[in-house]
Structures are given as C-alpha cells and as structure tokens.
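Heads up, the thing below is written out as structure tokens.
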Amino acid sequence: MRVELSSDFQKKYQKLLGDRSQALFAAIQTDSQEAFRLNPLKPNYQNVSYSLAKPIEYSPIGYFGEINGNSIDHLSGYVYSQEPSAMYVTEILDPKENERILDLCAAPGSKTTYIASKMASQGLLVSNEINTKRAKVLSSNIERMGISNTVVTNNSPKDFEKKFDNFFDKILVDAPCSGEGMFRKDPESVKYWSLDYVDQCANRQQHILDSAYKLLSPGGTLVYSTCTFSPEENEQNVDWFLKKYPDMHLEPVKKYQGMEDGRPAWGNGNPELTKALRMFPDKFNGEGHFMCKLVKDGEIEETRERMINNGVKKDDVKFVEKFAKANLNGLAETSWLKISDFLYQAASLDNRFKGLHILRNGLKLGEFKKNRFEPDIAWILALKPDDLKTVFELNAEQFEKYLHGESIILEQRPSFDNKWIGLSYQGKLFSWGRYSNQQIKNVYPKGLRR
Ligand SMILES: C[S@@+](CC[C@H](N)C(=O)[O-])C[C@H]1O[C@@H](n2cnc3c(N)ncnc32)[C@H](O)[C@@H]1O
C-alpha cells in the first residue's frame, strides 16, 4: 500500500535532510520489517516452529520473520511479534534481575514483555498504560508470556509522583509520538499527522519526562524513545530535559550497522546529542526510531517496602494447599495476595500502590469458589511441565477442538485421575483442562477461544 506523505511532511524533511530526504521517502514506500522474539521465561524456549536462521545482531532473542497469532508458539507465549528497531530499546535499558523498573507508556507491551524476560521473574516491573482499553491488552500480553513479577497499572504518569519519588532504578518512557517512523507499517497513521500534531506530541512528552524525572532514583537510568523522526520530539526534547535537570546526563550507547548518532544541529546545537541514537529506514533494517539513555547523578539507594496486609485467611490457604497436593508437584513459597475472591502471587505488597488503578499484581493464580479453588489460565502459562502432576499432550485435531471451546473425550481410561491437568500441544503448555470420567472439560477462557 502506498503511503500518502503530505506536502508539509515532505517540505519539512527536504529542508532538514536535503538530498537524503528522497531516500527516506522511497524507504517509506517499501515493506516494513517483520520480526519476533523468543521468550526465555519458557522451558526449552528455542524450541519453536519458526526459522531462527536470521538472527538480529543486537538482540540475543530477536529474529527476522513473521509469526502467526493462531500458532501454538504464539498462544503459549513462546514468541512475541516485534519490529526489529523497537527491540533495541530494551537492550539499551539493560534490565537486570532484582531491579525496580517502571515502563510508563507500556501498551501493548512489546517492550515490557522483553524487559520482563530479561529480569527472569526477579525484581519488580511496573507496567503502566494510561488508556484503559490498551491497558487490558497489555495485561493479557503479560499473561500470555508467563510473566509473574509485574504490576500492571492504568494511570497517568503524574499519579505515581507522590508515592514513588526517587523510587525506580530504571524507567522507560517509550513516548506517545507522531509516529512518522511507523508510516510504512501503519499507513493509516499518516492521517493524524500535521505540523501542529508534532508540537502537541512534543509538549505531552515533556510532561511525561517531568514525571519520569521525579520517579527516578539518584544513579538511575531513564531510556527515552520515540518512533518518529521529528527533531521537536527527539533532540529538542532531550536538550530541553538536560537543561531543566542538570543532574541528568546522556550516556553513549553502542551503535550497530545502520544506526546513526543523534543530531546536535536538530537540538539547539547541543553536542551531547551525538550520544543519542537514530534509525532511519533508508539506512537501517527496521522502522524509524529515536532512543537515548539518560542517567541521574548519585548512587541508587535502598528503599524499604511498606507492606500491606495480603488479605489471605487460614481457610484460603487450606484450599490452595489441597489443590496443590492433588495437582502439582509442590507449592513454592510466595507472597500471596487476595483481592475479592482472586488469589495472586503478588509482584509487590508495597502500600505505595494504594490508590493506583491496578489491573494485575503479579501472577493471577485462581479464584476461590464455594469450598474450592479454581486455577487461572495465567498460572498455567507461568508453570513448567515438571511443576504439574499431569500434563496431557493433545494431537492436532484435539488442539483445534479445544481452541474452539470443545471438550475432549478420551477413548480409554487414562493413567491419571487428578482433576486439574496441564494441556500441551507440541510440548508447550497452553491451558488447564478439567478431567473427570474420561473427559477433559473445556476451561479455555472464552475470550481466547478461536
Ligand atoms: C509508543 S506507545 C507505547 C508502546 C509500548 N511501549 C510497546 O512497546 O508496546 C505509547 C503509549 O503511550 C500512551 N499514552 C498516551 N498519552 C499518554 C500520556 N499523556 N501519558 C502516558 N502515556 C500516554 C498511549 O496510550 C500508548 O499506549
């Protein structure tokens, strides 16, 4: 599909880029780059049905290629579709186990799920999204990838300021932007573009950056990224930020083939801006992006958590222990949290979260029903086959049926008789099944059925 570039856009970039602008406009008319990531949180995570012949050099888990949203690899959270340029943002952030990380503009979750996969279920990741509909998509992507150390919130960045000042070791601001770098991937986005829209985006980004500064610990790292070319939203905003907050400085980032320096001339002549990074699709094998790493002076300080009561009663524990004894090979020590009838393996019991709109705190384990406990899909997606007493491998026909919402009738009496079993296809756990009388009842959530 041809991307209709407006004359304002063309004039602007002819002025900024001179002759090179023609190469950029031509690149915008070519096909976008498809790529995907593997998920190291899963057992045998490289065992996928997609070709790994074209690795992305700057991402140890990234590959060129297209994936199918209905494949078992996708449904079981073994793969995540992400265009290649965007992958480098998380590599720059360099998340580590046991850090406290905030992703302020996180939906639909491609960078957050990458961050979590590098944290190996340790530490705390807060994934925030201001838009409620998008926050729900974020939450379900986090669930699919089997992530347990994340609190998903649906708030404005400002809402965090009072309670989380100087709290986070690392913050990602993957800002809402004018999206010029995504024109060829999403030609519809051209319709929203105007010179005024760029200015509005730049202004909104400054507000988000103001919040991010307050939430960042001394010694902490802030990664700022956009998928747009405009100087106003990139170099000019970074220059504005550095001037407003003199205890912040830019750190250089490694540049691979086709990645370019930020442009001082586009940011009031600030020479530091060469440390930022640009990707233009005429030189780089991915969509248009800008990213940079900003560090706050000082040392990271330990902050004590202020714990809340987890709401779990003695009887609740009994029900869960009974469930685990019948269906699991043990129950790990964990921080439980009960919210109404739902039980979570909490990512955080810190009372700083009080007052925020939380969609998910850690791993949703299940629900207390009358005199019993029923496990949630999120739990199975985070479990490994060895954690379960019974894993039942479906054949292709059974798998299709189960995805449609049908129950599975077994021809013979199986060797197990416990009620809650893990269902796998091609060796990948993707759902619970409820067994009784030679039948596996369908408990695949209605919203996920195909
Ligand atoms: C570029 S997208 C984030 C993409 C995401 N990081 C990912 O990798 O999947 C920017 C997000 O910022 C959100 N947003 C819009 N206005 C915002 C605001 N004022 N403050 C914070 N986030 C905002 C949008 O809803 C959108 O989901």
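Just remember, in the structure tokens the first chain shown is A, the second B, etc., residues are 1-based per chain, and ligands are 1-based in the order shown.
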
- Item | DSSP-assigned strand (DSSP E) among segment 116-157 of chain A, expressed as a list in words |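 The strand (DSSP E) subset of segment 116-157 of chain A is Leu124, Leu125, Val126, Ser127, Asn128, Thr150, Val151, Val152 and Thr153 of chain A.
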
Same residues, C-alpha atoms, saved as an mmCIF file, in the first residue's frame:
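Once everything was written out, this is selection06.cif:
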data_model
loop_
_atom_site.group_PDB
_atom_site.id
_atom_site.type_symbol
_atom_site.label_atom_id
_atom_site.label_comp_id
_atom_site.auth_asym_id
_atom_site.auth_seq_id
_atom_site.Cartn_x
_atom_site.Cartn_y
_atom_site.Cartn_z
ATOM 1 C CA LEU A 124 9.760 -5.559 40.240
ATOM 2 C CA LEU A 125 8.469 -4.308 36.908
ATOM 3 C CA VAL A 126 5.643 -1.788 36.921
ATOM 4 C CA SER A 127 3.989 -1.644 33.510
ATOM 5 C CA ASN A 128 1.739 1.377 33.222
ATOM 6 C CA THR A 150 4.863 -7.265 37.072
ATOM 7 C CA VAL A 151 2.262 -4.888 38.457
ATOM 8 C CA VAL A 152 0.076 -3.596 35.619
ATOM 9 C CA THR A 153 -1.393 -0.164 36.270
#

- Task: Residues within 9 Å of ligand 1 should be enumerated using only C-alpha atoms and all ligand atoms and returned as JSON, numbers by chain.
- Result: {"A": [82, 86, 87, 89, 103, 104, 105, 106, 107, 108, 109, 110, 111, 112, 113, 114, 128, 129, 130, 131, 132, 133, 134, 135, 138, 155, 156, 157, 158, 172, 173, 174, 175, 176, 177, 179, 201, 204, 205, 207, 208, 225, 226, 227]}

Next, the residues of the selection above should be written as a compact mmCIF listing (two decimals), in the first residue's frame with N, CA and C atoms.
# COMPACT_ATOMS: atom_id res chain seq x y z
N GLN A 82 7.56 -8.40 17.19
CA GLN A 82 8.05 -7.04 17.47
C GLN A 82 8.96 -6.61 16.34
N ALA A 86 12.54 -1.57 17.44
CA ALA A 86 11.98 -1.44 18.79
C ALA A 86 12.70 -2.35 19.79
N MET A 87 13.24 -3.46 19.29
CA MET A 87 13.91 -4.39 20.21
C MET A 87 15.12 -3.74 20.90
N VAL A 89 15.51 -0.86 22.08
CA VAL A 89 15.18 -0.01 23.23
C VAL A 89 15.42 -0.77 24.54
N ASP A 103 7.88 0.99 33.39
CA ASP A 103 7.63 1.25 31.98
C ASP A 103 6.38 2.12 31.95
N LEU A 104 6.59 3.43 31.72
CA LEU A 104 5.49 4.40 31.93
C LEU A 104 4.43 4.40 30.83
N CYS A 105 4.80 4.03 29.62
CA CYS A 105 3.85 4.04 28.49
C CYS A 105 3.95 2.66 27.85
N ALA A 106 3.31 1.67 28.45
CA ALA A 106 3.71 0.29 28.19
C ALA A 106 2.88 -0.49 27.18
N ALA A 107 1.64 -0.05 26.87
CA ALA A 107 0.79 -0.88 25.99
C ALA A 107 1.20 -0.74 24.52
N PRO A 108 1.08 -1.80 23.74
CA PRO A 108 0.52 -3.12 24.08
C PRO A 108 1.47 -4.07 24.79
N GLY A 109 2.71 -3.67 24.98
CA GLY A 109 3.56 -4.48 25.84
C GLY A 109 4.77 -5.12 25.19
N SER A 110 5.13 -4.68 23.98
CA SER A 110 6.25 -5.37 23.34
C SER A 110 7.56 -5.11 24.09
N LYS A 111 7.73 -3.89 24.61
CA LYS A 111 8.99 -3.63 25.32
C LYS A 111 8.91 -4.17 26.74
N THR A 112 7.75 -4.03 27.36
CA THR A 112 7.59 -4.55 28.73
C THR A 112 7.84 -6.06 28.80
N THR A 113 7.30 -6.80 27.82
CA THR A 113 7.48 -8.26 27.88
C THR A 113 8.95 -8.61 27.63
N TYR A 114 9.62 -7.81 26.85
CA TYR A 114 11.06 -8.01 26.62
C TYR A 114 11.82 -7.72 27.93
N ASN A 128 2.87 0.45 33.15
CA ASN A 128 1.74 1.38 33.22
C ASN A 128 1.24 1.79 31.84
N GLU A 129 -0.06 1.93 31.74
CA GLU A 129 -0.66 2.42 30.49
C GLU A 129 -1.84 3.31 30.85
N ILE A 130 -1.86 4.51 30.30
CA ILE A 130 -2.89 5.49 30.64
C ILE A 130 -4.26 5.15 30.04
N ASN A 131 -4.25 4.49 28.88
CA ASN A 131 -5.50 4.21 28.16
C ASN A 131 -6.06 2.85 28.62
N THR A 132 -7.30 2.86 29.14
CA THR A 132 -7.83 1.65 29.78
C THR A 132 -7.94 0.48 28.82
N LYS A 133 -8.42 0.71 27.63
CA LYS A 133 -8.57 -0.38 26.65
C LYS A 133 -7.20 -0.98 26.33
N ARG A 134 -6.25 -0.12 26.12
CA ARG A 134 -4.89 -0.60 25.79
C ARG A 134 -4.24 -1.28 27.00
N ALA A 135 -4.59 -0.81 28.20
CA ALA A 135 -4.01 -1.43 29.41
C ALA A 135 -4.47 -2.88 29.54
N LEU A 138 -2.40 -4.90 27.24
CA LEU A 138 -1.09 -5.04 27.89
C LEU A 138 -1.12 -6.18 28.91
N ASN A 155 -2.81 4.23 34.84
CA ASN A 155 -2.78 5.56 35.45
C ASN A 155 -2.08 6.56 34.55
N SER A 156 -2.22 7.83 34.95
CA SER A 156 -1.43 8.86 34.29
C SER A 156 -0.06 8.87 34.99
N PRO A 157 1.01 9.19 34.28
CA PRO A 157 2.33 9.23 34.94
C PRO A 157 2.34 10.09 36.20
N LYS A 158 1.55 11.16 36.19
CA LYS A 158 1.50 12.07 37.34
C LYS A 158 1.03 11.37 38.61
N LEU A 172 11.51 3.40 31.63
CA LEU A 172 11.40 3.53 30.17
C LEU A 172 10.24 4.47 29.86
N VAL A 173 10.55 5.50 29.08
CA VAL A 173 9.49 6.35 28.51
C VAL A 173 9.51 6.11 27.00
N ASP A 174 8.66 5.20 26.56
CA ASP A 174 8.50 4.92 25.13
C ASP A 174 7.28 5.76 24.72
N ALA A 175 7.56 7.00 24.40
CA ALA A 175 6.52 8.04 24.44
C ALA A 175 5.50 7.95 23.32
N PRO A 176 4.25 8.37 23.64
CA PRO A 176 3.29 8.55 22.56
C PRO A 176 3.85 9.64 21.64
N CYS A 177 3.84 9.41 20.33
CA CYS A 177 4.54 10.34 19.44
C CYS A 177 3.78 10.48 18.13
N GLY A 179 4.60 9.34 15.34
CA GLY A 179 4.61 8.04 14.64
C GLY A 179 5.15 8.06 13.21
N CYS A 201 2.51 16.59 20.45
CA CYS A 201 3.19 15.38 20.98
C CYS A 201 4.42 15.79 21.79
N ARG A 204 3.36 16.99 25.18
CA ARG A 204 2.92 15.88 26.05
C ARG A 204 4.13 15.08 26.54
N GLN A 205 5.08 14.88 25.67
CA GLN A 205 6.29 14.13 26.06
C GLN A 205 7.04 14.85 27.19
N HIS A 207 5.73 16.61 29.57
CA HIS A 207 5.02 16.33 30.84
C HIS A 207 5.38 14.93 31.35
N ILE A 208 5.45 13.97 30.43
CA ILE A 208 5.77 12.59 30.85
C ILE A 208 7.22 12.54 31.38
N SER A 225 12.43 6.98 24.30
CA SER A 225 12.40 6.55 22.90
C SER A 225 11.11 7.01 22.24
N THR A 226 11.20 7.21 20.93
CA THR A 226 10.02 7.51 20.12
C THR A 226 10.16 6.74 18.80
N CYS A 227 9.03 6.62 18.09
CA CYS A 227 9.11 6.02 16.75
C CYS A 227 8.79 7.11 15.73

For the interface of segment 84-198 of chain A with segment 298-320 of chain A (cut-off 12 Å, counting only C-alpha atoms), please tabulate each contacting residue of segment 84-198 of chain A alongside its nearest pair of atoms and their separation in Å to one decimal, rows sorted by chain and increasing number, as a tab-separated table.
residue	atom	partner	partner_atom	distance
A:Asn98	CA	A:Glu302	CA	11.9
A:Glu99	CA	A:Ile300	CA	10.5
A:Arg100	CA	A:Thr303	CA	10.3
A:Leu124	CA	A:Glu305	CA	11.6
A:Lys163	CA	A:Arg306	CA	11.1
A:Phe164	CA	A:Thr303	CA	10.1
A:Asp165	CA	A:Thr303	CA	10.6
A:Asn166	CA	A:Glu301	CA	8.9
A:Phe167	CA	A:Thr303	CA	7.1
A:Phe168	CA	A:Ile300	CA	8.9
A:Asp169	CA	A:Ile300	CA	6.8
A:Lys170	CA	A:Ile300	CA	10.2

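Computed from the coordinates, the atom CA of Glu97 of chain A to atom CA of Ile115 of chain A distance equals 9.9 Å.
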
- Which parts of segment 329-408 of chain A does DSSP call alpha helix (DSSP H) when run on the backbone here, written out as a list in words?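 Taking segment 329-408 of chain A and keeping alpha helix (DSSP H) gives Ile377, Ala378, Trp379, Ile380, Leu381, Ala382, Ala396, Glu397, Gln398, Phe399, Glu400, Lys401, Tyr402, Leu403 and His404 of chain A.
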
Emit the selected residues as a compact mmCIF listing (two decimals), in the first residue's frame, including N, CA and C atoms.
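Final output, result-v7.txt:
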# COMPACT_ATOMS: atom_id res chain seq x y z
N ILE A 377 -5.88 -19.30 34.00
CA ILE A 377 -5.02 -19.52 32.81
C ILE A 377 -3.63 -18.89 33.01
N ALA A 378 -3.58 -17.73 33.70
CA ALA A 378 -2.29 -17.06 33.89
C ALA A 378 -1.29 -17.97 34.59
N TRP A 379 -1.81 -18.79 35.51
CA TRP A 379 -0.90 -19.64 36.29
C TRP A 379 -0.28 -20.72 35.41
N ILE A 380 -1.12 -21.36 34.59
CA ILE A 380 -0.57 -22.44 33.76
C ILE A 380 0.46 -21.90 32.78
N LEU A 381 0.25 -20.65 32.33
CA LEU A 381 1.19 -20.09 31.36
C LEU A 381 2.53 -19.75 32.00
N ALA A 382 2.56 -19.73 33.34
CA ALA A 382 3.82 -19.46 34.04
C ALA A 382 4.42 -20.74 34.64
N ALA A 396 -3.18 -32.82 16.97
CA ALA A 396 -3.56 -31.61 16.22
C ALA A 396 -5.08 -31.41 16.22
N GLU A 397 -5.81 -32.50 16.06
CA GLU A 397 -7.27 -32.39 15.98
C GLU A 397 -7.84 -31.95 17.34
N GLN A 398 -7.33 -32.57 18.40
CA GLN A 398 -7.80 -32.22 19.76
C GLN A 398 -7.47 -30.76 20.08
N PHE A 399 -6.29 -30.33 19.66
CA PHE A 399 -5.87 -28.95 19.91
C PHE A 399 -6.85 -27.96 19.25
N GLU A 400 -7.16 -28.20 17.99
CA GLU A 400 -8.10 -27.31 17.27
C GLU A 400 -9.44 -27.29 17.99
N LYS A 401 -9.91 -28.49 18.38
CA LYS A 401 -11.21 -28.59 19.07
C LYS A 401 -11.18 -27.80 20.37
N TYR A 402 -10.10 -27.98 21.12
CA TYR A 402 -10.01 -27.32 22.43
C TYR A 402 -10.01 -25.79 22.26
N LEU A 403 -9.28 -25.32 21.24
CA LEU A 403 -9.26 -23.86 20.99
C LEU A 403 -10.65 -23.33 20.65
N HIS A 404 -11.47 -24.21 20.04
CA HIS A 404 -12.84 -23.80 19.69
C HIS A 404 -13.78 -23.84 20.89

- Task: Would you list the contacts of segment 237-239 of chain A as a PyMOL selection string, taking every protein, DNA or RNA residue within 7 Å and counting only C-alpha atoms, but skipping same-chain residues closer than 5 positions in sequence?
- Result: chain A and resi 202+206+232+267+270

For the residues in that selection, give me C-alpha atoms as a PDB file, in the first residue's frame.
ATOM      1  CA  ALA A 202       6.404  17.171  21.945  1.00  0.00           C
ATOM      2  CA  GLN A 206       7.736  16.926  28.222  1.00  0.00           C
ATOM      3  CA  GLU A 232      10.907  18.568  18.197  1.00  0.00           C
ATOM      4  CA  GLY A 267      18.664  20.071  19.128  1.00  0.00           C
ATOM      5  CA  ASN A 270      23.896  20.563  21.997  1.00  0.00           C
TER       6      ASN A 270
END

- Which residues come within 8 Å of Arg434 of chain A, counting only C-alpha atoms, excluding same-chain residues fewer than 6 positions away, as a PyMOL selection string? chain A and resi 419-421+440-443

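As for atom CA of Pro231 of chain A and atom CA of Pro281 of chain A, they are spaced 16.4 Å apart.
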
- Item | For atom CA of Thr390 of chain A and atom CA of Glu367 of chain A, the interatomic separation in Å (one decimal) | 20.7 Å

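Excluding Ile72 of chain A itself and any same-chain residue fewer than 4 positions from it, the protein and nucleic acid residues within 10 Å of it, counting only C-alpha atoms, are Val48, Ser49, Asn68, Ser76, Gly77, Tyr78, Val79, Phe399, Ser424, Tyr425, Gln426, Gly427, Lys428, Leu429 and Phe430 of chain A.
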
Which residues are near Ser189 of chain A? Cut-off 10 Å, only C-alpha atoms, ignore same chain within fewer than 3 positions. Put them as a PDB file with N, CA and C atoms, in the first residue's frame.
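Full text of part-v8.pdb as output:
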ATOM      1  N   VAL A   3       2.066   4.900   0.767  1.00  0.00           N
ATOM      2  CA  VAL A   3       1.862   5.826   1.883  1.00  0.00           C
ATOM      3  C   VAL A   3       1.779   7.244   1.303  1.00  0.00           C
ATOM      4  N   SER A 178       4.312  11.278  17.210  1.00  0.00           N
ATOM      5  CA  SER A 178       3.622  11.500  15.935  1.00  0.00           C
ATOM      6  C   SER A 178       3.791  10.314  14.985  1.00  0.00           C
ATOM      7  N   GLY A 179       4.598   9.343  15.335  1.00  0.00           N
ATOM      8  CA  GLY A 179       4.611   8.043  14.638  1.00  0.00           C
ATOM      9  C   GLY A 179       5.147   8.056  13.213  1.00  0.00           C
ATOM     10  N   GLU A 180       5.993   9.048  12.875  1.00  0.00           N
ATOM     11  CA  GLU A 180       6.482   9.126  11.484  1.00  0.00           C
ATOM     12  C   GLU A 180       7.268   7.877  11.086  1.00  0.00           C
ATOM     13  N   MET A 182       6.597   4.950  11.779  1.00  0.00           N
ATOM     14  CA  MET A 182       5.709   3.790  11.580  1.00  0.00           C
ATOM     15  C   MET A 182       4.791   3.962  10.367  1.00  0.00           C
ATOM     16  N   PHE A 183       5.010   5.030   9.592  1.00  0.00           N
ATOM     17  CA  PHE A 183       4.107   5.282   8.454  1.00  0.00           C
ATOM     18  C   PHE A 183       4.005   4.067   7.532  1.00  0.00           C
ATOM     19  N   ARG A 184       5.135   3.392   7.264  1.00  0.00           N
ATOM     20  CA  ARG A 184       5.048   2.303   6.283  1.00  0.00           C
ATOM     21  C   ARG A 184       4.437   1.047   6.896  1.00  0.00           C
ATOM     22  N   LYS A 185       4.559   0.896   8.229  1.00  0.00           N
ATOM     23  CA  LYS A 185       3.964  -0.267   8.900  1.00  0.00           C
ATOM     24  C   LYS A 185       2.461  -0.044   9.083  1.00  0.00           C
ATOM     25  N   ASP A 186       2.092   1.207   9.331  1.00  0.00           N
ATOM     26  CA  ASP A 186       0.699   1.534   9.592  1.00  0.00           C
ATOM     27  C   ASP A 186       0.323   2.780   8.778  1.00  0.00           C
ATOM     28  N   TYR A 192      -3.270  11.186  10.862  1.00  0.00           N
ATOM     29  CA  TYR A 192      -3.253  12.007  12.084  1.00  0.00           C
ATOM     30  C   TYR A 192      -2.156  13.064  12.065  1.00  0.00           C
ATOM     31  N   TRP A 193      -1.226  12.915  11.111  1.00  0.00           N
ATOM     32  CA  TRP A 193      -0.032  13.754  11.150  1.00  0.00           C
ATOM     33  C   TRP A 193      -0.307  15.182  10.687  1.00  0.00           C
TER      34      TRP A 193
END

- Task: Using only C-alpha atoms, pick whichever of A:Gly422, A:Gly219, A:Gly269, A:Gly288 has the shortest atom-to-atom distance to Ala27 of chain A.
- Result: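 Of A:Gly422, A:Gly219, A:Gly269, A:Gly288, the one nearest Ala27 of chain A, counting only C-alpha atoms, is A:Gly288.
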
- Query: If you count only C-alpha atoms, which residues fall within 9 Å of Leu277 of chain A, apart from same-chain ones fewer than 6 positions away, as a PyMOL selection string?
  - Reply: chain A and resi 252-255+259-263+289-292

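Considering only C-alpha atoms, the residue among A:Met119, A:Ile92, A:Leu75, A:Leu250 positioned nearest to Asn141 of chain A is A:Leu75.
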
- Item | Counting only C-alpha atoms, the residue of A:Gly330, A:Gly362, A:Pro218, A:Gly18 that sits nearest Ala116 of chain A |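 Checking each candidate against Ala116 of chain A, we get A:Gly362 as the closest.
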
- Counting only C-alpha atoms, the option among A:Lys42, A:Lys162, A:Lys15, A:Lys243 closest to Lys354 of chain A: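 For Lys354 of chain A, the nearest of the given residues is A:Lys162.
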